[in-house]
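Asker: I'd like to ask you about the structure that follows.
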There are 2 protein chains.
Amino acid sequence: MNTRRLRAPIVLPADPACSVIRDGVVDIDDDGRIAYCGPAAGAPSPEGALVTTLPGILLPGLVNTHAHSPMTLLRGMGGELPLLRWLREVIWPAEANLRPDDVRVGMTLGSLEMLRHGVTTSAEMYFHAEQMTEAVLATGGRVLLGSPIIDLPGLDWHAMITETERWIAADGLRFGPGERVELSYAAHSAYMLPEEALRLTAESAAARGALVQIHVAEAPDEDARQRAEHGSVPLLLDKVGMLDGRIIAAHAVHLSDEDIALFAARGVGVAHCPGSNAKLASGIARLTDLRAASVPIGLGTDGPASNDDLDLWEEVQLTAMLARLSTQDSTVLGARDALLLGTRGGAEALGRNDIGALETGRWADLVHVDVDDPAFATGLDVPDEQLLANLVWGAGSRRVRDVWVAGEQVVGEGESLRVDRDKVQHGVAEAAARIRG
Amino acid sequence: MNTRRLRAPIVLPADPACSVIRDGVVDIDDDGRIAYCGPAAGAPSPEGALVTTLPGILLPGLVNTHAHSPMTLLRGMGGELPLLRWLREVIWPAEANLRPDDVRVGMTLGSLEMLRHGVTTSAEMYFHAEQMTEAVLATGGRVLLGSPIIDLPGLDWHAMITETERWIAADGLRFGPGERVELSYAAHSAYMLPEEALRLTAESAAARGALVQIHVAEAPDEDARQRAEHGSVPLLLDKVGMLDGRIIAAHAVHLSDEDIALFAARGVGVAHCPGSNAKLASGIARLTDLRAASVPIGLGTDGPASNDDLDLWEEVQLTAMLARLSTQDSTVLGARDALLLGTRGGAEALGRNDIGALETGRWADLVHVDVDDPAFATGLDVPDEQLLANLVWGAGSRRVRDVWVAGEQVVGEGESLRVDRDKVQHGVAEAAARIRG
């Protein structure tokens with residue numbers, strides 16, 4: 001078996017301890033999976049392997065557990081309105097003008113942008129699954145894709161479930177080179193779907209081992225209504241069987257102790273979206289309580305129309321800041337824990353043990369952060385804690401230079417090796433102008 | 001008079017309305033001050049002027065109203081400890097090892113770093129004023145500099161006041177090309193100084209028209225003690241006469257309604273430091289109440305040992321997020337208001353009406369943001385609100401390419417035109433290794 005080897009002064013495998021490996025290597029097999037990750041000193045003989053030596057830090061690609069990335073087309077539109085007016089007066093009318101090709105170009109930009117930030121996987125809820133898939137296969141990113149199931153006038157939620165079933169039957173649950181695309185169910189929310197739709201979605205997904213993505217307890221007023229009617233959204237989702245299968249609850253801001261215990265008992269994944277929840281004034285989720293209960297947690301950007309550049313490193317930073325403010329304890333959520341939430345934690349929350357960490361057998365989704373930056377001026381020869389702090393709090397996405405997905409390099413020197421960014425940006429400009437009308 | 005003219009598709013003068021000028025120009029006179037800023041169509045005849053056409057957005061350099069920038073030397077050190085242990089066990093022992101030359105190289109990196117982010121001015125509290133000055137004159141940044149006045153064993157606060165007086169007598173309150181350096185008084189805090197020291201500092205500063213920088217009501221426990229003893233720190237500062245002159249209160253997290261009214265009545269400037277206050281779990285300052293009372297407010301990064309890359313754009317974003325969370329209102333603090341806090345507001349809070357905006361007579365401290373970025377993919381031909389949102393929430397510092405201070409270009413293509421970043425980073429690495437011991 002031919003193996004490629006990446007060697008770097010610092011390798012962060014995102015193991016549960018968030019170890020720092022000095023002079024480490026990552027071996028990638030022909031399938032694009034990790035064959036070895038560890039110290040160069042203990043590595044298998046590199047005979048026959050093509051060795052690339054990198055000057056910086058190698059870590060797993062970040063995992064964005066909640067996004068609507070084609071909304072790059074609507075970035076910054078009407079964002080000074082209150083949430084419901086913003087949706088009704090700006091976003092929904094604009095989305096009604098979207099053509100399938102618009103979604104493709106918008107998703108291409110979003111995917112490209114995430115890859116440049118070192119975010120290799122995103123869980124997406126958006127219409128036009130075919131164009132979404134094309135976009136991600138073009139940039140070389142990885143996606144868990146769900147086409148929204150939602151009860152709106154003129155739309156048929158039953159047909160939406162059937163459509164997802166048909167896609168999975170046609171393409172399989174995972175497909176594409178390096179299994180880059182996973183299909184999933186995107187039930188919008190308890191407040192936009194009748195109980196029967198939630199139940200049928202849960203049954204359909206469970207029968208196929210598929211993930212259900214769903215918005216849970218995001219805005220306070222919406223949540224209060226659900227709580228009055230059903231006890232709570234988690235209780236409703238449990239009643240319809242949705243917590244028995246793979247599920248990721250996006251936002252999950254307004255949870256009671258009982259809701260958290262229920263999530264923990266059922267292993268419900270949470271997509272924590274601190275930036276979106278702050279910009280839209282939805283609230284601060286109970287992150288430290290969720291962590292204490294061992295709920296699987298990842299981070300999400302939400303859509304770029306509201307939070308704005310799909311840079312998951314900002315969520316990593318913000319998660320720590322808000323957790324510390326909430327607990328009045330500056331030792332809560334250090335750089336190690338915050339980084340794990342953005343990588344391994346995201347994979348776990350999505351029910352994926354094949355990404356999010358540099359471990360033998362997982363996909364080689366990798367990021368190389370160059371250290372030619374003031375954030376690393378004190379050098380790499382500092383204690384592990386300091387190095388992690390410099391990366392997580394200081395550098396963030398700024399020096400992401402090279403990115404691999406399933407062993408294939410898709411970003412080099414900070415630019416896509418797959419698609420022409422200039423052309424994509426022009427495509428977005430054209431589509432956005434038409435959508436604005 | 002020879003004039004240089006910069007022309008750009010978008011000019012943001014940071015006037016009180018935060019106007020967006022399409023096809024604008026900024027004329028710079030031989031002294032480095034702004035001769036004109038407005039639409040190209042209404043500009044004076046450019047005869048004899050050297051015209052440079054830029055592709056992006058021109059705006060005033062951001063103003064960092066509270067920093068300890070030489071702490072680049074200590075970036076990321078021991079940050080997982082509680083605040084007081086962090087100071088006592090890590091930061092203070094490390095600072096005790098600092099040589100004057102270390103401070104110069106640390107400040108050089110901090111200043112360089114800020115300039116690359118488009119932050120042209122910072123208010124600094126740090127020891128070794130001579131080396132601080134040398135550093136800023138080397139990078140070409142602008143500084144309001146105060147050497148700490150603090151009551152610690154072995155130190156003599158009285159001599160510290162006298163030393164500041166001596167500096168001002170020797171160099172003048174403002175000096176250097178483009179008046180880049182302003183000397184000021186850096187009274188550490190009410191909890192680290194006796195009342196008499198606060199009184200003498202206030203008198204000495206007032207006699208010279210100098211600014212007093214001081215930490216106010218940062219950590220809850222420290223503030224509670226002051227409140228028990230003096231009613232509140234603002235009341236104490238009023239009693240000793242410190243609110244009568246120019247003053248900037250850094251942090252000001254824990255203020256009562258009466259404190260805010262007092263600050264408003266006396267025109268006390270506030271340096272709002274949301275990132276530091278979050279990372280250190282100090283709390284969320286009452287920004288919207290301060291704004292409602294018309295207190296002059298700017299933003300501050302605090303030191304890079306705790307908040308970590310001196311990027312004031314992150315404070316701009318965080319200020320809005322925390323204000324929205326605090327008020328549960330997503331319409332609080334739009335992109336316009338947030339940007340003004342980082343520019344014009346900062347200048348006002350420091351008592352400086354000669355920076356922070358592109359207005360005739362002010363210093364030509366300018367930033368050019370390139371728009372070749374996904375954040376601007378929807379184009380420049382979008383409504384003003386959307387353009388500002390794309391800049392402030394989407395792009396931030398990422399595409400700052402060119403920076404001028406007092407009309408002199410000091411950053412080009414994202415790199416210092418004055419100092420060799422690589423050499424400075426190596427200097428920091430060497431000093432940091434020795435300090436760690």
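Chain labels A, B, ... are given in the sequence in which chains occur in the structure tokens; within each chain residues are numbered consecutively from 1, and ligands are likewise numbered from 1 in the order shown.
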Considering only strand (DSSP E or B) as DSSP defines it on the backbone, what residues of stretch 381-431 of chain B qualify? List them as a list of chain:residue names.
Answerer: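 Those residues are B:Val400, B:Arg401, B:Asp402, B:Val403, B:Trp404, B:Val405, B:Glu408, B:Gln409, B:Val410, B:Val411, B:Gly412, B:Glu415, B:Ser416.
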Asker: Report as a tab-separated table: every residue of stretch 18-82 of chain B with an atom at most 10 Å from stretch 317-339 of chain A, its closest pair of atoms, and their distance in Å to one decimal, counting only C-alpha atoms, with rows sorted by chain and ascending residue number.
Answerer:
residue	atom	partner	partner_atom	distance
B:Gly76	CA	A:Ala335	CA	9.7
B:Gly79	CA	A:Gly334	CA	8.0
B:Glu80	CA	A:Thr331	CA	5.3
B:Leu81	CA	A:Thr331	CA	5.8
B:Pro82	CA	A:Thr331	CA	5.8
Asker: Kindly export the residues of the current selection with N, CA, C and O atoms, as a PDB file, in the first residue's frame.
Answerer:
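Saved as part36.pdb:
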ATOM      1  N   GLY B  76      -0.655  34.031  25.908  1.00  0.00           N
ATOM      2  CA  GLY B  76      -1.076  32.648  26.119  1.00  0.00           C
ATOM      3  C   GLY B  76      -0.482  31.975  27.346  1.00  0.00           C
ATOM      4  O   GLY B  76      -0.737  30.801  27.592  1.00  0.00           O
ATOM      5  N   GLY B  79      -2.969  30.956  30.928  1.00  0.00           N
ATOM      6  CA  GLY B  79      -4.300  31.555  30.822  1.00  0.00           C
ATOM      7  C   GLY B  79      -5.416  30.695  31.365  1.00  0.00           C
ATOM      8  O   GLY B  79      -6.562  31.130  31.402  1.00  0.00           O
ATOM      9  N   GLU B  80      -5.111  29.466  31.781  1.00  0.00           N
ATOM     10  CA  GLU B  80      -6.190  28.616  32.286  1.00  0.00           C
ATOM     11  C   GLU B  80      -6.335  28.728  33.811  1.00  0.00           C
ATOM     12  O   GLU B  80      -7.143  28.040  34.414  1.00  0.00           O
ATOM     13  N   LEU B  81      -5.540  29.617  34.403  1.00  0.00           N
ATOM     14  CA  LEU B  81      -5.656  29.818  35.853  1.00  0.00           C
ATOM     15  C   LEU B  81      -6.707  30.876  36.167  1.00  0.00           C
ATOM     16  O   LEU B  81      -7.013  31.725  35.336  1.00  0.00           O
ATOM     17  N   PRO B  82      -7.235  30.860  37.404  1.00  0.00           N
ATOM     18  CA  PRO B  82      -8.119  31.968  37.815  1.00  0.00           C
ATOM     19  C   PRO B  82      -7.321  33.270  37.829  1.00  0.00           C
ATOM     20  O   PRO B  82      -6.098  33.268  38.014  1.00  0.00           O
TER      21      PRO B  82
END
Asker: By how many Å are atom CA of B:Leu112 and atom CA of B:Thr139 apart?
Answerer: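 One can read the atom CA of B:Leu112 to atom CA of B:Thr139 distance as 6.0 Å.
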Asker: How close does chain B get to chain A? List, as a tab-separated table, each residue of chain B within 8 Å, its nearest atom pair and the distance in Å to one decimal, counting only C-alpha atoms.
Answerer:
residue	atom	partner	partner_atom	distance
B:Thr72	CA	A:Thr378	CA	8.0
B:Leu73	CA	A:Thr378	CA	6.5
B:Leu74	CA	A:Thr378	CA	7.7
B:Arg75	CA	A:Asn390	CA	7.0
B:Gly76	CA	A:Gln386	CA	4.7
B:Met77	CA	A:Gln386	CA	5.3
B:Gly78	CA	A:Gln386	CA	6.8
B:Gly79	CA	A:Ala389	CA	7.6
B:Glu80	CA	A:Thr331	CA	5.3
B:Leu81	CA	A:Thr331	CA	5.8
B:Pro82	CA	A:Thr331	CA	5.8
B:Leu83	CA	A:Ser330	CA	7.1
B:Leu109	CA	A:Pro374	CA	7.1
B:Glu113	CA	A:Pro374	CA	6.8
B:Gly275	CA	A:Met321	CA	7.4
B:Ala278	CA	A:Met321	CA	4.9
B:Lys279	CA	A:Met321	CA	5.1
B:Leu280	CA	A:Ser330	CA	4.9
B:Ala281	CA	A:Leu325	CA	4.9
B:Ser282	CA	A:Gln328	CA	7.0
B:Gly283	CA	A:Leu325	CA	5.9
B:Ile284	CA	A:Leu325	CA	7.6
B:Asn307	CA	A:Trp393	CA	7.3
B:Asp308	CA	A:Gly394	CA	4.9
B:Asp309	CA	A:Gly394	CA	5.0
B:Ala320	CA	A:Lys279	CA	7.3
B:Met321	CA	A:Ala278	CA	4.9
B:Leu322	CA	A:Ala278	CA	6.7
B:Arg324	CA	A:Ala281	CA	5.2
B:Leu325	CA	A:Ala281	CA	4.9
B:Thr327	CA	A:Ala281	CA	7.8
B:Gln328	CA	A:Ala281	CA	5.0
B:Asp329	CA	A:Ala281	CA	5.6
B:Ser330	CA	A:Leu280	CA	4.8
B:Thr331	CA	A:Glu80	CA	5.3
B:Gly334	CA	A:Glu80	CA	5.9
B:Pro374	CA	A:Gln425	CA	6.6
B:Ala375	CA	A:Asp309	CA	6.4
B:Ala377	CA	A:Gln425	CA	4.9
B:Thr378	CA	A:Ala429	CA	4.3
B:Gly379	CA	A:Ala429	CA	5.5
B:Glu385	CA	A:Gly78	CA	7.3
B:Gln386	CA	A:Gly76	CA	4.7
B:Leu387	CA	A:Gly76	CA	7.2
B:Ala389	CA	A:Gly76	CA	5.1
B:Asn390	CA	A:Gly76	CA	5.6
B:Trp393	CA	A:Asp308	CA	5.9
B:Gly394	CA	A:Asp308	CA	4.9
B:Ala395	CA	A:Asp309	CA	7.4
B:Arg398	CA	A:Arg398	CA	7.6
B:Gln425	CA	A:Ala377	CA	4.9
B:His426	CA	A:Ala377	CA	7.0
B:Val428	CA	A:Thr378	CA	6.0
B:Ala429	CA	A:Thr378	CA	4.3
B:Glu430	CA	A:Thr378	CA	7.8
B:Ala432	CA	A:Thr378	CA	5.8
B:Ala433	CA	A:Thr378	CA	7.4
Asker: What does the distance between atom CA of A:Ala252 and atom CA of A:Ser189 come to in Å, to one decimal place?
Answerer: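 So the two atoms, atom CA of A:Ala252 and atom CA of A:Ser189, lie 11.3 Å apart.
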Asker: Report as number ranges by chain all protein, DNA and RNA residues lying within 12 Å of B:Ala207, evaluated on only C-alpha atoms, omitting residues in the same chain fewer than 4 positions from it.
Answerer: B: 165, 168-169, 173, 185, 200-203, 211-212, 241-242, 244-246
